[in-house]
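Here is the structure we will look at.
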Amino acid sequence: MKLREVETPTTGQGEVRVKISHIGINYAEILSRRGQYAWAPDKPYVPGMEALGTIEEVGPGVKREIGERVIVGAQYGAYAEKIVVPAYLAFPTLPHLTDTEQAAFLVNYMTAWVALIKQARLMLDDTVLITAAAGGVGTAAVQLAHAFGCKVFGTASKAYKLDLLRDLKVEAAINYQDQDWDNHLKEINGNQGVDVVLELVGGDTFTKSKDLLNPFGRLVIAGVASIKWTKTNPLSWISALQKIPRYDLRKMAVSSNGILATHIGYLIKNESLTSQLWKELSSFCITHQIKPLVSHEFDFDELPRAHDYIESRKSYGKVVVKVGS
């Protein structure tokens, strides 16, 4: 990544220009930088899927106020001082969140909401397993499922991340590097499996999570963090292919459970659906006073360090970059 001057973007029909103050960093943007993310545009481009800022210009047909503070979502372009987005992707801020928390909210919580509420159809008596539960989507999912009234289990690999999950009031925080972590979960849960899994890792974690499903269980795939490959190393392609989640319809029929997958990037093209999702999600989080966890905040010229920090696996929750005062 290189920092450089570009032309100030101009608004078109139905668009707003936002002056950015804080940027939320997502693991998908790291994959994009590596050339491992199909949703990314061709390089070179400006990465960044979410930010907090202030509307400073409105295009034709837009009824929004100059000076309005908004959370913006985009396919790319948020690693910048200014961004132009469709007006419906400039969401109202949440009154109980700080500026840093606002920038950490949209992608993680929208992903978790779609996966758990819209796809898994969460019910009050469900037991829920969140893999990679100390990450951005993971912590969001733990908070949402707990606030919904479910019994929640979370997996992580480091002691301080397991402690973090306990602070979030999970039923049990489980080290997925333990070879028998799935059996350990069953023992804790009265020799039962779980009703819902939000799977974010892939590979062996997916296989064990799938086998933990109770009858009528639902597993939603919203990420495959374990997959690492490079275009120049064909051997890495083999390893990556082996970690892609797979399922057998016959086994699903025998177990009477289902596997789903989501990528909210493809949903945000639908304006009415996106607006309804935001209304439901923001209302729930305001009611329950749910706040993102931010492990570190970097300055704008430290964006490469922010990526390094996430890749080091030292981060938990969200990493945010501050653009300026």
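Residue numbers start at 1 in each chain; chains themselves are named A, B, ... in the order of the structure tokens; ligands are numbered from 1 in the order shown.
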
For range 113-127 of chain A, please output as a PyMOL selection string all residues within 7 Å (counting only C-alpha atoms; exclusion window: fewer than 3 positions along the same chain).
chain A and resi 109-110+148-152+194-196+218+220+262+281

Give me the residues within 8 Å of range 206-213 of chain A as number ranges by chain, counting only C-alpha atoms and dropping any in the same chain fewer than 4 places off.
A: 182, 193-197, 199, 201-202, 217-219, 245, 257

Quick one: of A:Tyr316, A:Phe153, A:Tyr309, A:Tyr76, who's nearest to Arg33 in chain A, counting only C-alpha atoms?
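Of A:Tyr316, A:Phe153, A:Tyr309, A:Tyr76, the one nearest Arg33 in chain A is A:Tyr76, counting only C-alpha atoms.
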
Residues near range 16-20 of chain A, cut-off 7 Å, only C-alpha atoms, skip fewer than 6 positions along chain, as a list in words
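In the requested format, the answer is Ala51, Leu52, Gly53, Thr54, Ile55, Glu56, Glu57, Val58, Gly59, Glu81, Lys82, Ile83, Val84, Val85, Pro86, Ala87 and Val323 of chain A.
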
Atoms to include: N, CA and C atoms. Write the selected residues as an mmCIF file, in the first residue's frame.
```
data_model
loop_
_atom_site.group_PDB
_atom_site.id
_atom_site.type_symbol
_atom_site.label_atom_id
_atom_site.label_comp_id
_atom_site.auth_asym_id
_atom_site.auth_seq_id
_atom_site.Cartn_x
_atom_site.Cartn_y
_atom_site.Cartn_z
ATOM 1 N N ALA A 51 -16.368 3.297 7.088
ATOM 2 C CA ALA A 51 -15.750 4.460 7.723
ATOM 3 C C ALA A 51 -16.822 5.297 8.399
ATOM 4 N N LEU A 52 -16.361 6.189 9.255
ATOM 5 C CA LEU A 52 -17.210 7.207 9.867
ATOM 6 C C LEU A 52 -16.803 8.554 9.310
ATOM 7 N N GLY A 53 -17.778 9.415 9.042
ATOM 8 C CA GLY A 53 -17.430 10.738 8.541
ATOM 9 C C GLY A 53 -18.617 11.679 8.531
ATOM 10 N N THR A 54 -18.434 12.791 7.809
ATOM 11 C CA THR A 54 -19.434 13.850 7.747
ATOM 12 C C THR A 54 -19.791 14.129 6.293
ATOM 13 N N ILE A 55 -21.087 14.186 6.002
ATOM 14 C CA ILE A 55 -21.510 14.524 4.640
ATOM 15 C C ILE A 55 -21.112 15.964 4.321
ATOM 16 N N GLU A 56 -20.385 16.159 3.219
ATOM 17 C CA GLU A 56 -19.976 17.504 2.839
ATOM 18 C C GLU A 56 -20.492 17.917 1.459
ATOM 19 N N GLU A 57 -21.072 16.963 0.724
ATOM 20 C CA GLU A 57 -21.662 17.292 -0.574
ATOM 21 C C GLU A 57 -22.734 16.266 -0.905
ATOM 22 N N VAL A 58 -23.836 16.727 -1.495
ATOM 23 C CA VAL A 58 -24.904 15.811 -1.916
ATOM 24 C C VAL A 58 -25.136 15.966 -3.409
ATOM 25 N N GLY A 59 -25.386 14.843 -4.070
ATOM 26 C CA GLY A 59 -25.642 14.847 -5.496
ATOM 27 C C GLY A 59 -27.104 15.093 -5.810
ATOM 28 N N GLU A 81 -9.318 10.251 2.644
ATOM 29 C CA GLU A 81 -9.877 11.369 3.394
ATOM 30 C C GLU A 81 -11.319 11.658 2.991
ATOM 31 N N LYS A 82 -11.687 11.263 1.756
ATOM 32 C CA LYS A 82 -13.039 11.514 1.263
ATOM 33 C C LYS A 82 -13.487 10.336 0.402
ATOM 34 N N ILE A 83 -14.793 10.078 0.438
ATOM 35 C CA ILE A 83 -15.347 8.981 -0.348
ATOM 36 C C ILE A 83 -16.734 9.375 -0.833
ATOM 37 N N VAL A 84 -17.096 8.926 -2.017
ATOM 38 C CA VAL A 84 -18.443 9.105 -2.555
ATOM 39 C C VAL A 84 -19.145 7.753 -2.551
ATOM 40 N N VAL A 85 -20.353 7.721 -1.978
ATOM 41 C CA VAL A 85 -21.141 6.480 -1.909
ATOM 42 C C VAL A 85 -22.596 6.798 -2.233
ATOM 43 N N PRO A 86 -23.374 5.778 -2.657
ATOM 44 C CA PRO A 86 -24.819 5.984 -2.773
ATOM 45 C C PRO A 86 -25.383 6.454 -1.432
ATOM 46 N N ALA A 87 -26.334 7.359 -1.479
ATOM 47 C CA ALA A 87 -26.848 7.958 -0.239
ATOM 48 C C ALA A 87 -27.394 6.910 0.727
ATOM 49 N N VAL A 323 -8.239 9.196 10.747
ATOM 50 C CA VAL A 323 -7.752 9.965 9.588
ATOM 51 C C VAL A 323 -7.238 11.338 10.018
#
```

Write down as JSON, numbers by chain the residues belonging to range 115-304 of chain A that are assigned strand (DSSP E) by DSSP computed on the backbone.
{"A": [127, 128, 129, 130, 151, 152, 153, 154, 155, 156, 172, 173, 174, 175, 194, 195, 196, 197, 198, 199, 213, 214, 215, 216, 217, 218, 219, 220, 221, 258, 259, 260, 261, 294, 295, 296, 297, 298, 299]}

Return the single residue from A:Leu3, A:Ile188, A:Phe284, A:Gly223 that is closest to Ala145 in chain A, with distances computed using only C-alpha atoms.
A:Phe284

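Nearest-residue note for Ser256 in chain A: choosing from A:Ile174, A:Pro215, A:Gln289, A:Ser272, the minimum distance belongs to A:Pro215, counting only C-alpha atoms.
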
Which residues are near Gly136 in chain A? Cut-off 10 Å, only C-alpha atoms, ignore same chain within fewer than 3 positions. Put them as a ChimeraX atom specification.
/A:25-27,104-105,107-109,112,132-133,139-141,292-295,315-319

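Backbone DSSP over range 5-77 of chain A gives helix (DSSP H, G or I) for A:Tyr27, A:Ala28, A:Glu29, A:Ile30, A:Leu31, A:Ser32, A:Arg33, A:Arg34.
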